[in-house]
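Colleague: This is the structure I have questions about; it appears just below.
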Amino acid sequence: MLRLSHLLGTENLSAEQVSFILDQAKPFQEFQRHPLKKLATLRGKTVAIAFFETSTRTRISFTTAASRLGADTMALQAESSSLKKGESLIDTVRTLEAMRPDGIVIRHASSGAPEFVAQRLEIPVLNAGDGTHEHPTQALLDALTIRDRKGALEGLNVTILGDILHSRVARSNIHLLSKFGVKITLCGPAMWAPRELEKLAPGIRVTHCLEEGVAGADVVMVLRVQTERINEPAIPPDEYIAQFQLTPARIKLAKPDALVMHPGPIVRGLEIDSAVADGPQSCVLEQVTNGLAIRMALLYHLLGGAPADAPHPAKDRSNASD
Amino acid sequence: MPVVEKRQLLSAEEIGRTLSRLAHEIVENSGGAKDLALIGVRRRGVPLAERLAKQIRSSANVEVPVGTLDITLYRDDLSQVGSHPVVQSTQIDFPVDNRDLVIVDDVLYTGRTIRAAMNGLFDLGRPRRIQLCVLIDRGHRELPVEATFIGRKVQTSDTEIVEVRLREVDAEERVMLVDRVP
Amino acid sequence: MLLIKNGRVLDPATKTDAALDVLIDGDRISKVGSNIEASGAEILDARGLIVAPGFIDLHCHLREPGGEMSETIETGTKSAARGGFTAVCCMPNTQPVNDNAAVTRSIVERAAAVGAVRVWPIGAVSKSSKGESLAEISAMKAAGIVAVSDDGKPVATARLMRQVMDYCTPLGLPVIDHCEDPSLFAGGVMREGPHSLKLGLQGIPAASESICVGRDIEMALLTGARLHIAHMSANASLAYVRAAKRSGLRVTCEVTPHHFTLTDEDVRYDTSYKMNPPLASRADRDALVSGLADGSVDCIATDHAPHHTASKDVEFDRAPFGILGFETALALGLSELVHPGKLSLTRLVELFATGPARILGMERKLAAGEPADVTIFSADHEWTYRAADSPSKSRNTPFDGRTFRGAPMATVVAGRVVYLR
């Protein structure tokens with residue numbers, strides 16, 4: 001059993017829990033191939049999809065996952081950046097509570113917001129991305145993609161390329177992959193890849209040279225790049241492209257069967273060349289499909305029925321299939 | 001859960017003979033095994049289905065495909081269970097449309113497992129016919145479900161449990177009737 | 001008349017550490033000696049307790065005028081009295097900012113009417129603390145300010161710092177700076193380091209503080225003024241201060257109890273751990289503790305910064321900076337500094353009373369003729385701090401529920417007992 005009340009991040013998952021989730025995603029991967037993609041498993045349950053940061057892909061992925069499991073969804077969208085002062089998070093939480101959903105998926109611009117919500121609600125909370133802190137379902141779907149293609153995570157060389165400092169995807173992947181002895185290389189401009197990142201988890205090295213970062217990699221994960229940032233001087237895009245864009249020539253430095261991954265949305269011509277994004281090594285579309293499977297597996301287990309002390313009907317139905 | 005054995009229902013030898021007989025019945029009933037396929041319900045329905053297919057192959061010289069079906073996602077009691085059970089994979093490598101399917105399970109009891117299995121099969125397509133083959137029918141149906149191919153019919157009470165042990169899954173091979181220790 | 005009997009008088013200013021009684025007549029101390037008898041006097045039995053000169057908090061926020069939802073002069077001073085403080089210096093970042101005599105007078109008058117302890121206001125350096133032009137400092141001095149600061153922000157430019165230093169020296173007012181570099185600070189919510197990286201919270205490097213400390217010390221060198229560094233949190237800042245003292249500059253500094261107790265590792269997403277300057281690294285904390293012991297740090301100040309619960313019960317990014325401080329200051333001093341043997345009880349009293357007084361250009365001692373401000377505390381009394389019991393209007397503290405060994409037991413201000421446990 002998963003034995004998890006919330007999914008707030010990958011940092012505090014054990015390797016066993018991660019493996020369990022990846023294993024449980026398999027039947028749901030298989031399910032995506034059914035002609036009829038609708039189960040009644042979570043019928044009668046409602047999942048609140050509370051997105052305080054604009055996102056189309058992740059929101060649709062979670063909504064579809066809930067829907068295919070037979071659950072209903074409640075969509076909550078509110079702008080909540082430091083520039084706009086909407087309803088306070090605590091009021092939103094109270095409003096949600098009053099509508100009694102069975103679980104909540106939350107994306108928020110403030111690191112720590114899902115934890116804030118989890119401390120105040122009795123229902124399972126799934127983090128769909130908080131500030132620059134974690135995006136656990138992304139790391140899980142990335143791990144599933146890698147494991148399916150490479151057989152296992154152990155011992156691989158994974159390079160994460162781009163703006164690591166501001167990336168929650170990078171952090172979640174770092175925490176997850178380091179549990180499996182993956183050798184992680186973080187590569188990007190010095191101001192976006194400070195050496196201190198080496199302390200985040202075991203097995204990490206930081207480099208500011210792309211050639212060194214990509215050499216010998218089994219997997220290259222390319223991150224989105226925001227060249228304009230509030231409070232910081234911008235990096236000219238051409239500078240970034242010249243030094244760090246993943247081009248066909250540069251990906252050749254990695255192993256010949258290296259995977260190219262990207263959490264999306266891709267800005268072609270900025271962090272990655274179109275030819276590489278669409279090339280044979282690219283797993284981008286698989287990542288999206290796997291995202292659905294991971295999210296279904298998580299919703300299935302986290303919204304798991306009655307409280308722990310409910311009577312187990314298998315005791316009364318003594319020949320339940322096991 | 002502590003149990004005490006009341007009596008043995010089938011020995012290893014009897015299981016073998018019963019499966020042999022069931023295999024023959026299935027082939028006869030299918031009129032030539034055209035479009036026939038067996039679907040083993042996890043967990044113990046799977047080795048039973050595989051053994052039946054082997055029997056059919058050797059006695060009737062017909063290759064009958066076997067699929068495995070996990071019904072966890074189709075159960076009707078998930079909201080009452082302590083926490084959602086582990087989902088196993090369903091593996092049916094052939095199209096289900098227009099097939100003559102026989103669902104294979106070890107024990108038929110309330111019928112809810114079979115209802116769930118049918119829901120799972122309909123998600124995959126539209127079979128021409130679905131029939132049911134079980135090793136033991138122990139009565140106490142809660143839904144209108146019946147098996148065409150039955151190994152043995154047994155009268156049981158609600159507190160009793162029919163325990164099926166198969167060598168592919170367990171350390172031994174037999175079927176017993178046991179009682180729960182209060 | 002009030003007679004404090006059977007206590008251990010610990011007064012660094014008079015180098016006293018002995019079993020002595022203290023007799024108070026009206027608002028002055030009339031005698032300090034052994035076995036004093038005074039018929040008709042109210043007796044305060046200080047058996048097993050330490051009797052010290054009244055503690056002074058050089059840095060706090062009382063929020064009145066304008067921020068009364070979080071605290072008022074009345075509730076804040078009541079909390080201060082519970083903490084053993086006999087006088088508090090309140091910062092000018094109120095609404096309106098205390099940048100003119102009228103606001104100063106209103107604070108002084110309100111404190112005289114409802115304050116449990118003495119309130120000595122600190123006036124703004126610049127008008128509305130905008131950092132553009134000087135505030136009406138001499139008028140404020142006449143109305144009762146004891147120092148100037150633009151706390152909440154740094155003094156905006158080196159030029160302004162030089163100007164205010166020159167201006168304040170003949171007035172005898174120290175300039176207190178909240179040291180921070182706006183471009184390095186911008187958007188930050190906790191100390192930059194491995195921990196801020198992990199939590200995904202924007203970090204503020206220690207250099208933000210030390211750059212400004214360095215700048216201010218250069219201006220002190222230029223002007224010869226009295227400079228006091230508020231809530232110092234970094235080892236790098238302490239290094240600058242040490243060098244300045246060695247060259248004979250009149251530079252002093254304070255450290256808050258939370259900075260000598262907690263570190264950035266204690267931050268999770270609980271806004272009770274969010275303040276400015278943020279909790280620093282272990283190395284910084286340990287350096288500050290050494291500084292407190294060896295005299296490089298002149299005093300402890302609380303930076304008591306109340307924020308009503310609703311304003312703090314938000315996402316970490318959004319929460320205002322600041323935590324309460326009055327009622328846990330002494331207990332933390334005892335548990336983090338004295339009990340583990342990092343410094344002596346005498347030194348602690350210096351940090352709470354003698355040191356702050358010297359920075360304000362006055363004396364704090366237990367001797368005949370001195371104001372009857374006395375702090376009586378126990379170094380052993382076991383108790384649990386419960387924020388819910390505080391007279392403060394706010395509850396923003398990381399120490400709620402913590403048990404301590406050592407507590408303020410009685411506070412006397414101008415001869416009146418304003419707090420008794």
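In the structure tokens, chains take letters A, B, ... by order of appearance, with residues numbered from 1 within each chain and ligands from 1 in the order shown.
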If you run DSSP on the backbone, which residues of stretch 5-56 of chain A are alpha helix (DSSP H), as a list in words?

Modeller: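 Going through stretch 5-56 of chain A, the alpha helix (DSSP H) residues come out as Ala15, Glu16, Gln17, Val18, Ser19, Phe20, Ile21, Leu22, Asp23, Gln24, Ala25, Lys26, Pro27, Phe28, Gln29, Glu30 and Phe31 of chain A.
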
Colleague: Using only C-alpha atoms, which residues sit within 7 Å of A:Ala297 once same-chain residues fewer than 6 positions away are excluded, as a ChimeraX atom specification?

Modeller: /A:21,24-25,28

Colleague: Those selected residues, please, written with C-alpha atoms and delivered as a PDB file, in the first residue's frame.

Modeller:
```pdb
ATOM      1  CA  ILE A  21       3.896   4.488  -7.827  1.00  0.00           C
ATOM      2  CA  GLN A  24       1.032   1.163 -10.274  1.00  0.00           C
ATOM      3  CA  ALA A  25       1.171   3.504 -13.263  1.00  0.00           C
ATOM      4  CA  PHE A  28      -3.025   2.862 -16.219  1.00  0.00           C
TER       5      PHE A  28
END
```

Colleague: Within stretch 25-143 of chain B, find each residue whose DSSP state, derived from the backbone, is strand (DSSP E or B), and express the selection as a short mmCIF file (atom, residue, chain, number, x, y, z; two decimals) with N, CA and C atoms, in the first residue's frame.

Modeller:
```
data_model
loop_
_atom_site.label_atom_id
_atom_site.label_comp_id
_atom_site.auth_asym_id
_atom_site.auth_seq_id
_atom_site.Cartn_x
_atom_site.Cartn_y
_atom_site.Cartn_z
N LEU B 36 -12.77 -18.65 -30.19
CA LEU B 36 -12.80 -18.89 -28.75
C LEU B 36 -11.57 -18.26 -28.09
N ALA B 37 -11.76 -17.69 -26.93
CA ALA B 37 -10.63 -17.20 -26.15
C ALA B 37 -10.97 -17.32 -24.67
N LEU B 38 -9.95 -17.57 -23.85
CA LEU B 38 -10.17 -17.71 -22.41
C LEU B 38 -9.64 -16.46 -21.70
N ILE B 39 -10.40 -15.99 -20.73
CA ILE B 39 -9.96 -14.83 -19.95
C ILE B 39 -9.85 -15.25 -18.49
N GLY B 40 -8.62 -15.33 -17.97
CA GLY B 40 -8.42 -15.73 -16.58
C GLY B 40 -8.53 -14.51 -15.68
N VAL B 41 -9.38 -14.63 -14.65
CA VAL B 41 -9.53 -13.51 -13.71
C VAL B 41 -8.44 -13.63 -12.65
N VAL B 66 -5.15 -16.94 -24.45
CA VAL B 66 -5.52 -16.69 -23.06
C VAL B 66 -5.18 -15.25 -22.70
N GLY B 67 -6.14 -14.55 -22.11
CA GLY B 67 -5.86 -13.19 -21.61
C GLY B 67 -5.97 -13.18 -20.10
N THR B 68 -5.32 -12.22 -19.43
CA THR B 68 -5.49 -12.09 -17.98
C THR B 68 -6.20 -10.78 -17.71
N LEU B 69 -7.09 -10.82 -16.76
CA LEU B 69 -7.90 -9.64 -16.46
C LEU B 69 -7.79 -9.33 -14.97
N GLN B 91 -3.83 -8.11 -19.25
CA GLN B 91 -3.10 -8.31 -20.48
C GLN B 91 -3.93 -9.16 -21.42
N ASP B 100 -15.72 -15.21 -28.88
CA ASP B 100 -16.49 -16.11 -28.03
C ASP B 100 -15.64 -16.29 -26.78
N LEU B 101 -15.96 -15.51 -25.74
CA LEU B 101 -15.08 -15.50 -24.56
C LEU B 101 -15.59 -16.42 -23.46
N VAL B 102 -14.64 -17.06 -22.79
CA VAL B 102 -15.00 -17.79 -21.57
C VAL B 102 -14.17 -17.20 -20.43
N ILE B 103 -14.88 -16.63 -19.47
CA ILE B 103 -14.19 -16.11 -18.28
C ILE B 103 -13.90 -17.30 -17.38
N VAL B 104 -12.68 -17.37 -16.87
CA VAL B 104 -12.30 -18.49 -16.00
C VAL B 104 -11.92 -17.96 -14.62
N ASP B 105 -12.57 -18.51 -13.57
CA ASP B 105 -12.22 -18.10 -12.21
C ASP B 105 -12.25 -19.33 -11.30
N ASP B 106 -11.68 -19.21 -10.11
CA ASP B 106 -11.61 -20.40 -9.25
C ASP B 106 -12.93 -20.64 -8.53
N VAL B 107 -13.52 -19.59 -7.90
CA VAL B 107 -14.75 -19.79 -7.14
C VAL B 107 -15.80 -18.77 -7.56
N LEU B 108 -17.03 -19.23 -7.78
CA LEU B 108 -18.16 -18.34 -8.04
C LEU B 108 -18.96 -18.25 -6.74
N ARG B 129 -20.01 -13.29 -27.45
CA ARG B 129 -20.64 -14.05 -26.38
C ARG B 129 -19.67 -14.14 -25.21
N ILE B 130 -20.21 -14.08 -24.00
CA ILE B 130 -19.37 -14.31 -22.81
C ILE B 130 -19.99 -15.45 -22.01
N GLN B 131 -19.16 -16.44 -21.67
CA GLN B 131 -19.63 -17.51 -20.78
C GLN B 131 -18.66 -17.61 -19.62
N LEU B 132 -19.08 -18.38 -18.61
CA LEU B 132 -18.28 -18.45 -17.40
C LEU B 132 -17.93 -19.88 -17.06
N CYS B 133 -16.64 -20.09 -16.69
CA CYS B 133 -16.19 -21.41 -16.27
C CYS B 133 -15.56 -21.27 -14.89
N VAL B 134 -16.06 -22.02 -13.89
CA VAL B 134 -15.47 -21.94 -12.54
C VAL B 134 -15.16 -23.33 -12.02
N LEU B 135 -14.17 -23.40 -11.15
CA LEU B 135 -13.81 -24.68 -10.55
C LEU B 135 -14.85 -25.06 -9.50
N ILE B 136 -15.27 -24.10 -8.68
CA ILE B 136 -16.25 -24.35 -7.62
C ILE B 136 -17.35 -23.31 -7.69
N ASP B 137 -18.60 -23.77 -7.63
CA ASP B 137 -19.74 -22.85 -7.47
C ASP B 137 -20.27 -23.08 -6.05
#
```

Colleague: Tell me which protein, DNA and RNA residues are within 10 Å of A:Arg205, counting only C-alpha atoms, leaving out same-chain ones fewer than 5 positions away, and put them as a ChimeraX atom specification.

Modeller: /A:159,183-187,195-199,213

Colleague: Could you work out which residues of chain C fall inside 10 Å of chain A? Count only C-alpha atoms, and format the result as a PyMOL selection string.

Modeller: chain C and resi 183-188+192-202+268-270+310-311+313-318

Colleague: Would you mind listing what lies within 7 Å of stretch 276-287 of chain A as an MDAnalysis selection string, with only C-alpha atoms counted and same-chain residues fewer than 3 positions away left out?

Modeller: chainID A and resid 141:142 145 247:248 258:262 272:273 290:291

Colleague: Output the selection as a PDB file, in the first residue's frame - C-alpha atoms for each residue.

Modeller:
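selection22.pdb written:
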```pdb
ATOM      1  CA  LEU A 141       6.307  10.712 -15.039  1.00  0.00           C
ATOM      2  CA  ASP A 142       9.894  11.514 -16.054  1.00  0.00           C
ATOM      3  CA  THR A 145       9.561   7.374 -19.047  1.00  0.00           C
ATOM      4  CA  THR A 247      21.421  21.380 -30.859  1.00  0.00           C
ATOM      5  CA  PRO A 248      21.892  18.240 -32.979  1.00  0.00           C
ATOM      6  CA  ALA A 258      20.503   9.038 -24.914  1.00  0.00           C
ATOM      7  CA  LEU A 259      16.955  10.236 -24.225  1.00  0.00           C
ATOM      8  CA  VAL A 260      15.968  13.866 -24.717  1.00  0.00           C
ATOM      9  CA  MET A 261      13.224  15.022 -22.376  1.00  0.00           C
ATOM     10  CA  HIS A 262      11.404  18.288 -21.720  1.00  0.00           C
ATOM     11  CA  ILE A 272      16.195  23.396 -27.772  1.00  0.00           C
ATOM     12  CA  ASP A 273      16.541  23.143 -31.512  1.00  0.00           C
ATOM     13  CA  ASN A 290       2.874   8.841 -18.961  1.00  0.00           C
ATOM     14  CA  GLY A 291       1.736  11.915 -17.088  1.00  0.00           C
TER      15      GLY A 291
END
```

Colleague: Could you list, as a PyMOL selection string, every residue within 9 Å of stretch 6-12 of chain B, counting only C-alpha atoms and ignoring same-chain residues fewer than 5 positions away?

Modeller: chain B and resi 17+152+154+160+162+166+172-179

Colleague: Those same residues, written as a PDB file, in the first residue's frame with C-alpha atoms?

Modeller:
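Writing done, so here's again_27.pdb:
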```pdb
ATOM      1  CA  ARG B  17      -9.587 -34.590 -13.812  1.00  0.00           C
ATOM      2  CA  ARG B 152     -18.125 -28.843  -8.633  1.00  0.00           C
ATOM      3  CA  VAL B 154     -20.857 -27.124  -3.157  1.00  0.00           C
ATOM      4  CA  GLU B 160     -17.339 -20.943   5.571  1.00  0.00           C
ATOM      5  CA  VAL B 162     -13.643 -22.200   0.023  1.00  0.00           C
ATOM      6  CA  LEU B 166      -2.888 -24.118  -7.009  1.00  0.00           C
ATOM      7  CA  GLU B 172       0.281 -27.055  -2.758  1.00  0.00           C
ATOM      8  CA  GLU B 173      -2.596 -28.194  -4.938  1.00  0.00           C
ATOM      9  CA  ARG B 174      -6.068 -28.813  -3.449  1.00  0.00           C
ATOM     10  CA  VAL B 175      -9.402 -27.257  -2.579  1.00  0.00           C
ATOM     11  CA  MET B 176     -10.676 -27.200   1.044  1.00  0.00           C
ATOM     12  CA  LEU B 177     -13.652 -25.956   2.921  1.00  0.00           C
ATOM     13  CA  VAL B 178     -12.576 -24.046   6.007  1.00  0.00           C
ATOM     14  CA  ASP B 179     -14.374 -22.287   8.831  1.00  0.00           C
TER      15      ASP B 179
END
```

Colleague: What lies within 6 Å of C:Ala331 using only C-alpha atoms, ignoring chain neighbours under 2 positions off, as an mmCIF file with C-alpha atoms, in the first residue's frame?

Modeller:
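The file below, result21.cif, is the result:
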```cif
data_model
loop_
_atom_site.group_PDB
_atom_site.id
_atom_site.type_symbol
_atom_site.label_atom_id
_atom_site.label_comp_id
_atom_site.auth_asym_id
_atom_site.auth_seq_id
_atom_site.Cartn_x
_atom_site.Cartn_y
_atom_site.Cartn_z
ATOM 1 C CA THR C 328 11.024 35.073 25.502
ATOM 2 C CA ALA C 329 14.150 37.249 25.354
ATOM 3 C CA GLY C 333 19.394 34.391 26.883
ATOM 4 C CA LEU C 334 19.528 32.043 29.834
ATOM 5 C CA GLY C 406 14.662 30.772 33.860
ATOM 6 C CA ALA C 407 12.138 33.563 33.703
#
```

Colleague: Skipping near chain neighbours, those fewer than 6 positions away, what residues fall within 8 Å of C:Arg386 using only C-alpha atoms, listed as an mmCIF file with N, CA and C atoms, in the first residue's frame?

Modeller:
```cif
data_model
loop_
_atom_site.group_PDB
_atom_site.id
_atom_site.type_symbol
_atom_site.label_atom_id
_atom_site.label_comp_id
_atom_site.auth_asym_id
_atom_site.auth_seq_id
_atom_site.Cartn_x
_atom_site.Cartn_y
_atom_site.Cartn_z
ATOM 1 N N ASP C 400 6.214 29.249 20.751
ATOM 2 C CA ASP C 400 4.997 28.874 21.463
ATOM 3 C C ASP C 400 5.095 27.433 21.941
ATOM 4 N N GLY C 401 4.832 27.217 23.218
ATOM 5 C CA GLY C 401 4.853 25.853 23.747
ATOM 6 C C GLY C 401 6.225 25.405 24.210
ATOM 7 N N ARG C 402 7.230 26.243 24.052
ATOM 8 C CA ARG C 402 8.572 25.832 24.457
ATOM 9 C C ARG C 402 8.754 25.989 25.970
#
```

Colleague: Please determine, counting only C-alpha atoms, which residue among C:Arg28, C:Arg421, C:Arg162, C:Arg364 has the shortest atom-to-atom distance to C:Ala46.

Modeller: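 Nearest to C:Ala46: C:Arg421.
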
Colleague: Enter the distance from atom CA of A:Ser55 to atom CA of A:Ala139, in Å, rounded to one decimal.

Modeller: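 Rounded to one decimal, the two atoms are 17.0 Å apart.
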